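See below for the structure under consideration.
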Amino acid sequence: MCGRPHYRRVMTDLKPAVSLVATPSKRAAIVQIATEIDRRGFAGIACPSLGGTISLCGSLAHATTTIPFWTSIQPIYLSHAVELANSAGYLHEISGGRFSLGIGVSHGPVHQRLGVGVGEPLADTRAYVSALRGAEKQSGPLPPIVLATLRDKMLDLALEVGDGAIWANASRSAMAAQLRRIPAERRNNGFMVANMIPTVISDDRAAADAINRRTLTGYVILPNYRNYWKQAGYVEEMEAIEKAVADGRRDEIPSLMSDRWLADCTLGGTAAEVRDGLDAWRDAGVTTPIATMSSTSGGQLKAIGELFEAFA
């Protein structure tokens, strides 16, 4: 909220932030590569909920020295607000103010798989942030609280109760208009504006695009994402995908993702093309672009190594 002291992030050499997943059986290597991300001066480390986001952030608080890091995101329905406040206060203190708490409602398939009862996203998020702040006497000072955001109402809530907003798979062409909702004084006072961008570095553009299409297949089946992309101008694509989902033709979904839509939501191609794409996201108003790396020839560690090479 306005007036709350919080860590000011500093972009270094225009490198992006990096998404880092605590992949089971590879967690020691993940923490090790985090120290290299820190050493190389990338803008931050975003920790998705896969594999234990809070646990990974605990390791980052001790293993890294200067880089900001945050949960991106911790689902609100999976942790009691008081317990999460305690964890967040601890990480804020131990990291010297480098940690931010990104929270969100997650997605319907996750709730169904875990048998989690959910309510209304805006009301539940508002209540959860209030509960976090209400626990601050016991937890100690809290870090900045950043809300997972997609459409305007959640952005407005982030402006009301939070310290920033994180999109995932946003459309670059739609960002500038949406970001006009953020008052200049909030932007100038460190309000976080981040987006997780599926990114593949490869000289084989078709192979990179195929990986990004595969990544986004799990999102286009979600009604809230399709509604967002319709609003961003991709009605024809989303209606075709909607019909394919309804008809049980999910194997056809990648072919229904237009090149124009894919280029608006992802980055793929040579190192130079990806660097230029990151600059374009900054020009659109995203101050913290987050490279969510995949590779055409390996896993997460290989993909992050390719990002290192792109910014060597």
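In the structure tokens, each chain is lettered A, B, ... as it comes, each chain's residues begin at 1, and ligands are numbered from 1 in order of appearance.
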Within 8 Å of range 77-88 of chain A: each range 121-145 of chain A residue with its shortest pair, only C-alpha atoms, as JSON lines:
```
{"residue": "A:Tyr128", "atom": "CA", "partner": "A:Ala81", "partner_atom": "CA", "distance": 6.3}
{"residue": "A:Val129", "atom": "CA", "partner": "A:Ala81", "partner_atom": "CA", "distance": 7.9}
{"residue": "A:Ala131", "atom": "CA", "partner": "A:Ala81", "partner_atom": "CA", "distance": 5.9}
{"residue": "A:Leu132", "atom": "CA", "partner": "A:Ala81", "partner_atom": "CA", "distance": 5.4}
{"residue": "A:Arg133", "atom": "CA", "partner": "A:Ala85", "partner_atom": "CA", "distance": 7.8}
{"residue": "A:Ala135", "atom": "CA", "partner": "A:Val82", "partner_atom": "CA", "distance": 5.7}
{"residue": "A:Glu136", "atom": "CA", "partner": "A:Ala85", "partner_atom": "CA", "distance": 6.9}
{"residue": "A:Gln138", "atom": "CA", "partner": "A:Asn86", "partner_atom": "CA", "distance": 7.3}
{"residue": "A:Ser139", "atom": "CA", "partner": "A:Asn86", "partner_atom": "CA", "distance": 4.5}
{"residue": "A:Gly140", "atom": "CA", "partner": "A:Asn86", "partner_atom": "CA", "distance": 7.7}
{"residue": "A:Leu142", "atom": "CA", "partner": "A:Ala88", "partner_atom": "CA", "distance": 6.3}
{"residue": "A:Pro143", "atom": "CA", "partner": "A:Ala88", "partner_atom": "CA", "distance": 6.6}
```
Mind writing the picked residues with N, CA and C atoms as a PDB file, in the first residue's frame?
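In the end it all went to out28.pdb:
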```
ATOM      1  N   TYR A 128      -7.582 -12.311   2.421  1.00  0.00           N
ATOM      2  CA  TYR A 128      -6.317 -12.966   2.734  1.00  0.00           C
ATOM      3  C   TYR A 128      -5.229 -11.932   3.010  1.00  0.00           C
ATOM      4  N   VAL A 129      -5.163 -10.905   2.202  1.00  0.00           N
ATOM      5  CA  VAL A 129      -4.168  -9.847   2.443  1.00  0.00           C
ATOM      6  C   VAL A 129      -4.438  -9.179   3.784  1.00  0.00           C
ATOM      7  N   ALA A 131      -5.757 -10.570   6.382  1.00  0.00           N
ATOM      8  CA  ALA A 131      -5.319 -11.503   7.413  1.00  0.00           C
ATOM      9  C   ALA A 131      -3.796 -11.530   7.532  1.00  0.00           C
ATOM     10  N   LEU A 132      -3.094 -11.450   6.414  1.00  0.00           N
ATOM     11  CA  LEU A 132      -1.636 -11.373   6.459  1.00  0.00           C
ATOM     12  C   LEU A 132      -1.182 -10.159   7.260  1.00  0.00           C
ATOM     13  N   ARG A 133      -1.765  -9.026   6.929  1.00  0.00           N
ATOM     14  CA  ARG A 133      -1.350  -7.799   7.629  1.00  0.00           C
ATOM     15  C   ARG A 133      -1.769  -7.838   9.096  1.00  0.00           C
ATOM     16  N   ALA A 135      -1.633 -10.349  10.967  1.00  0.00           N
ATOM     17  CA  ALA A 135      -0.717 -11.231  11.696  1.00  0.00           C
ATOM     18  C   ALA A 135       0.667 -10.618  11.878  1.00  0.00           C
ATOM     19  N   GLU A 136       0.840  -9.381  11.454  1.00  0.00           N
ATOM     20  CA  GLU A 136       2.176  -8.786  11.414  1.00  0.00           C
ATOM     21  C   GLU A 136       2.787  -8.582  12.802  1.00  0.00           C
ATOM     22  N   GLN A 138       2.778 -10.682  15.164  1.00  0.00           N
ATOM     23  CA  GLN A 138       3.450 -11.920  15.518  1.00  0.00           C
ATOM     24  C   GLN A 138       4.575 -12.276  14.541  1.00  0.00           C
ATOM     25  N   SER A 139       4.381 -11.939  13.261  1.00  0.00           N
ATOM     26  CA  SER A 139       5.341 -12.350  12.233  1.00  0.00           C
ATOM     27  C   SER A 139       6.529 -11.410  12.124  1.00  0.00           C
ATOM     28  N   GLY A 140       6.385 -10.193  12.639  1.00  0.00           N
ATOM     29  CA  GLY A 140       7.350  -9.155  12.346  1.00  0.00           C
ATOM     30  C   GLY A 140       6.988  -8.470  11.045  1.00  0.00           C
ATOM     31  N   LEU A 142       6.271  -7.390   7.436  1.00  0.00           N
ATOM     32  CA  LEU A 142       6.071  -8.204   6.246  1.00  0.00           C
ATOM     33  C   LEU A 142       6.807  -7.614   5.042  1.00  0.00           C
ATOM     34  N   PRO A 143       7.137  -8.450   4.071  1.00  0.00           N
ATOM     35  CA  PRO A 143       7.711  -7.961   2.820  1.00  0.00           C
ATOM     36  C   PRO A 143       6.623  -7.318   1.963  1.00  0.00           C
TER      37      PRO A 143
END
```
Residues near Ile197 in chain A, cut-off 6 Å, only C-alpha atoms, skip fewer than 2 positions along chain, as a list in words =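 The residues that qualify are Asn169, Thr199, Thr266, Ile290, Ala291 and Thr292 of chain A.
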message = Counting only C-alpha atoms, which residue out of A:Val235, A:Ile103, A:Ala271, A:Leu301 sits closest to Gln32 in chain A?
response =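 Residue with the minimum atom-to-atom distance to Gln32 in chain A: A:Leu301.
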request  = Show which residues sit within 8 Å of range 65-71 of chain A, as a PyMOL selection string. Count only C-alpha atoms, and ignore same-chain residues fewer than 3 positions away.
outcome  = chain A and resi 9+38+41-49+53-54+57+60-62+74+98-103
Take the residues from that selection and put them in a file with C-alpha atoms, as a PDB file, in the first residue's frame.
```
ATOM      1  CA  ARG A   9      14.387  -3.388  -7.077  1.00  0.00           C
ATOM      2  CA  ASP A  38      22.827 -13.666  -8.590  1.00  0.00           C
ATOM      3  CA  GLY A  41      23.473  -9.615 -12.120  1.00  0.00           C
ATOM      4  CA  PHE A  42      20.043 -10.694 -13.304  1.00  0.00           C
ATOM      5  CA  ALA A  43      17.126  -8.598 -12.098  1.00  0.00           C
ATOM      6  CA  GLY A  44      15.526 -11.138  -9.780  1.00  0.00           C
ATOM      7  CA  ILE A  45      14.411 -14.711  -9.225  1.00  0.00           C
ATOM      8  CA  ALA A  46      10.709 -15.614  -9.447  1.00  0.00           C
ATOM      9  CA  CYS A  47       9.760 -18.861  -7.695  1.00  0.00           C
ATOM     10  CA  PRO A  48       6.600 -20.600  -9.003  1.00  0.00           C
ATOM     11  CA  SER A  49       4.604 -22.843  -6.683  1.00  0.00           C
ATOM     12  CA  THR A  53       8.103 -22.033  -3.588  1.00  0.00           C
ATOM     13  CA  ILE A  54       8.472 -20.985   0.062  1.00  0.00           C
ATOM     14  CA  CYS A  57      12.862 -18.883  -1.189  1.00  0.00           C
ATOM     15  CA  LEU A  60      17.681 -18.292  -1.702  1.00  0.00           C
ATOM     16  CA  ALA A  61      17.668 -16.096   1.397  1.00  0.00           C
ATOM     17  CA  HIS A  62      20.833 -17.871   2.549  1.00  0.00           C
ATOM     18  CA  GLN A  74       2.064 -18.891  -3.435  1.00  0.00           C
ATOM     19  CA  ARG A  98      15.239  -8.883  -0.746  1.00  0.00           C
ATOM     20  CA  PHE A  99      12.113 -11.056  -0.561  1.00  0.00           C
ATOM     21  CA  SER A 100       8.624 -10.215  -1.843  1.00  0.00           C
ATOM     22  CA  LEU A 101       5.499 -12.296  -1.273  1.00  0.00           C
ATOM     23  CA  GLY A 102       3.585 -13.003  -4.467  1.00  0.00           C
ATOM     24  CA  ILE A 103       0.174 -14.561  -3.839  1.00  0.00           C
TER      25      ILE A 103
END
```
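Going from CA of Glu242 in chain A to CA of Leu222 in chain A covers 9.2 Å.
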ask   = How would you write, as a ChimeraX atom specification, the set of residues in range 178-274 of chain A that DSSP gives as strand (DSSP E or B)?
value = /A:192-201,267-269
Selection export as a PDB file, in the first residue's frame, atoms kept: C-alpha atoms:
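So part16.pdb came out as:
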```
ATOM      1  CA  MET A 192       6.111  -3.889  -8.958  1.00  0.00           C
ATOM      2  CA  VAL A 193       4.972  -4.542 -12.528  1.00  0.00           C
ATOM      3  CA  ALA A 194       6.124  -7.992 -13.625  1.00  0.00           C
ATOM      4  CA  ASN A 195       5.169 -10.571 -16.232  1.00  0.00           C
ATOM      5  CA  MET A 196       6.261 -14.187 -16.562  1.00  0.00           C
ATOM      6  CA  ILE A 197       7.080 -14.710 -20.237  1.00  0.00           C
ATOM      7  CA  PRO A 198       7.495 -18.193 -21.745  1.00  0.00           C
ATOM      8  CA  THR A 199      10.906 -17.969 -23.412  1.00  0.00           C
ATOM      9  CA  VAL A 200      12.900 -20.297 -25.670  1.00  0.00           C
ATOM     10  CA  ILE A 201      16.289 -19.358 -27.130  1.00  0.00           C
ATOM     11  CA  LEU A 267       9.527 -14.957 -26.686  1.00  0.00           C
ATOM     12  CA  GLY A 268      11.260 -17.369 -29.038  1.00  0.00           C
ATOM     13  CA  GLY A 269      14.152 -17.299 -31.453  1.00  0.00           C
TER      14      GLY A 269
END
```
Taking only C-alpha atoms into account, produce a table as CSV in which each residue of range 224-254 of chain A with an atom at most 12 Å from an atom of range 146-168 of chain A appears once, together with its shortest atom pair and the distance in Å to one decimal, ordered by chain and rising number.
```
residue,atom,partner,partner_atom,distance
A:Asn224,CA,A:Leu150,CA,8.7
A:Tyr225,CA,A:Leu150,CA,8.0
A:Arg226,CA,A:Leu150,CA,11.0
A:Asn227,CA,A:Arg151,CA,9.1
A:Tyr228,CA,A:Arg151,CA,6.5
A:Trp229,CA,A:Arg151,CA,9.8
A:Lys230,CA,A:Arg151,CA,11.3
A:Gln231,CA,A:Arg151,CA,9.1
A:Ala232,CA,A:Arg151,CA,10.0
```
For the selection just defined, write its residues with C-alpha atoms to a file, as an mmCIF file, in the first residue's frame.
```
data_model
loop_
_atom_site.group_PDB
_atom_site.id
_atom_site.type_symbol
_atom_site.label_atom_id
_atom_site.label_comp_id
_atom_site.auth_asym_id
_atom_site.auth_seq_id
_atom_site.Cartn_x
_atom_site.Cartn_y
_atom_site.Cartn_z
ATOM 1 C CA ASN A 224 -10.241 -17.036 -17.295
ATOM 2 C CA TYR A 225 -7.226 -16.962 -19.607
ATOM 3 C CA ARG A 226 -9.352 -17.311 -22.740
ATOM 4 C CA ASN A 227 -11.506 -14.400 -21.574
ATOM 5 C CA TYR A 228 -8.372 -12.318 -21.014
ATOM 6 C CA TRP A 229 -7.029 -13.104 -24.481
ATOM 7 C CA LYS A 230 -10.388 -12.377 -26.074
ATOM 8 C CA GLN A 231 -10.294 -8.958 -24.445
ATOM 9 C CA ALA A 232 -6.750 -8.534 -25.773
#
```
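Take the candidates A:Arg126, A:His92, A:Lys26, A:Arg172 and check each one against Asp283 in chain A using only C-alpha atoms; the shortest distance goes to A:Arg172.
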query = Between A:Glu236, A:Asp124, A:Glu252, A:Asp203, which is the closest to Val274 in chain A once you count only C-alpha atoms?
reply = A:Asp203
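Taking CA of Asp276 in chain A and CA of Asp209 in chain A as the two end points, the separation is 16.5 Å.
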key: Among the residues A:Met175, A:Ala272, A:Ile253, A:Ala207, the one that comes closest to Val286 in chain A [using only C-alpha atoms]   = A:Met175
key: Near-Ala284 in chain A list (12 Å; only C-alpha atoms; drop same-chain fewer than 2 positions) as a list in words   = Ala170, Ser171, Arg172, Ser173, Ala174, Met175, Ala176, Ala177, Gln178, Leu179, Arg180, Val193, Ala194, Asn195, Asp264, Gly277, Leu278, Asp279, Ala280, Trp281, Arg282, Val286, Thr287, Thr288 and Pro289 of chain A
query = Got a sec to tell me which of range 106-294 of chain A DSSP assigns to alpha helix (DSSP H), as JSON, numbers by chain?
reply = {"A": [108, 109, 110, 111, 112, 113, 114, 121, 122, 123, 124, 125, 126, 127, 128, 129, 130, 131, 132, 133, 134, 136, 137, 138, 139, 152, 153, 154, 155, 156, 157, 158, 159, 160, 161, 172, 173, 174, 175, 176, 177, 178, 179, 184, 185, 186, 187, 188, 205, 206, 207, 208, 209, 210, 211, 212, 213, 214, 215, 216, 217, 218, 219, 220, 223, 224, 225, 226, 227, 228, 229, 230, 231, 235, 236, 237, 238, 239, 240, 241, 242, 243, 244, 245, 246, 259, 260, 261, 262, 263, 264, 265, 271, 272, 273, 274, 275, 276, 277, 278, 279, 280, 281, 282, 283]}
task = Compare A:Arg214, A:Lys15, A:Arg187, A:Lys243 by their minimum atom-to-atom distance to Ala310 in chain A, counting only C-alpha atoms, and give me the closest one.
result = A:Lys15
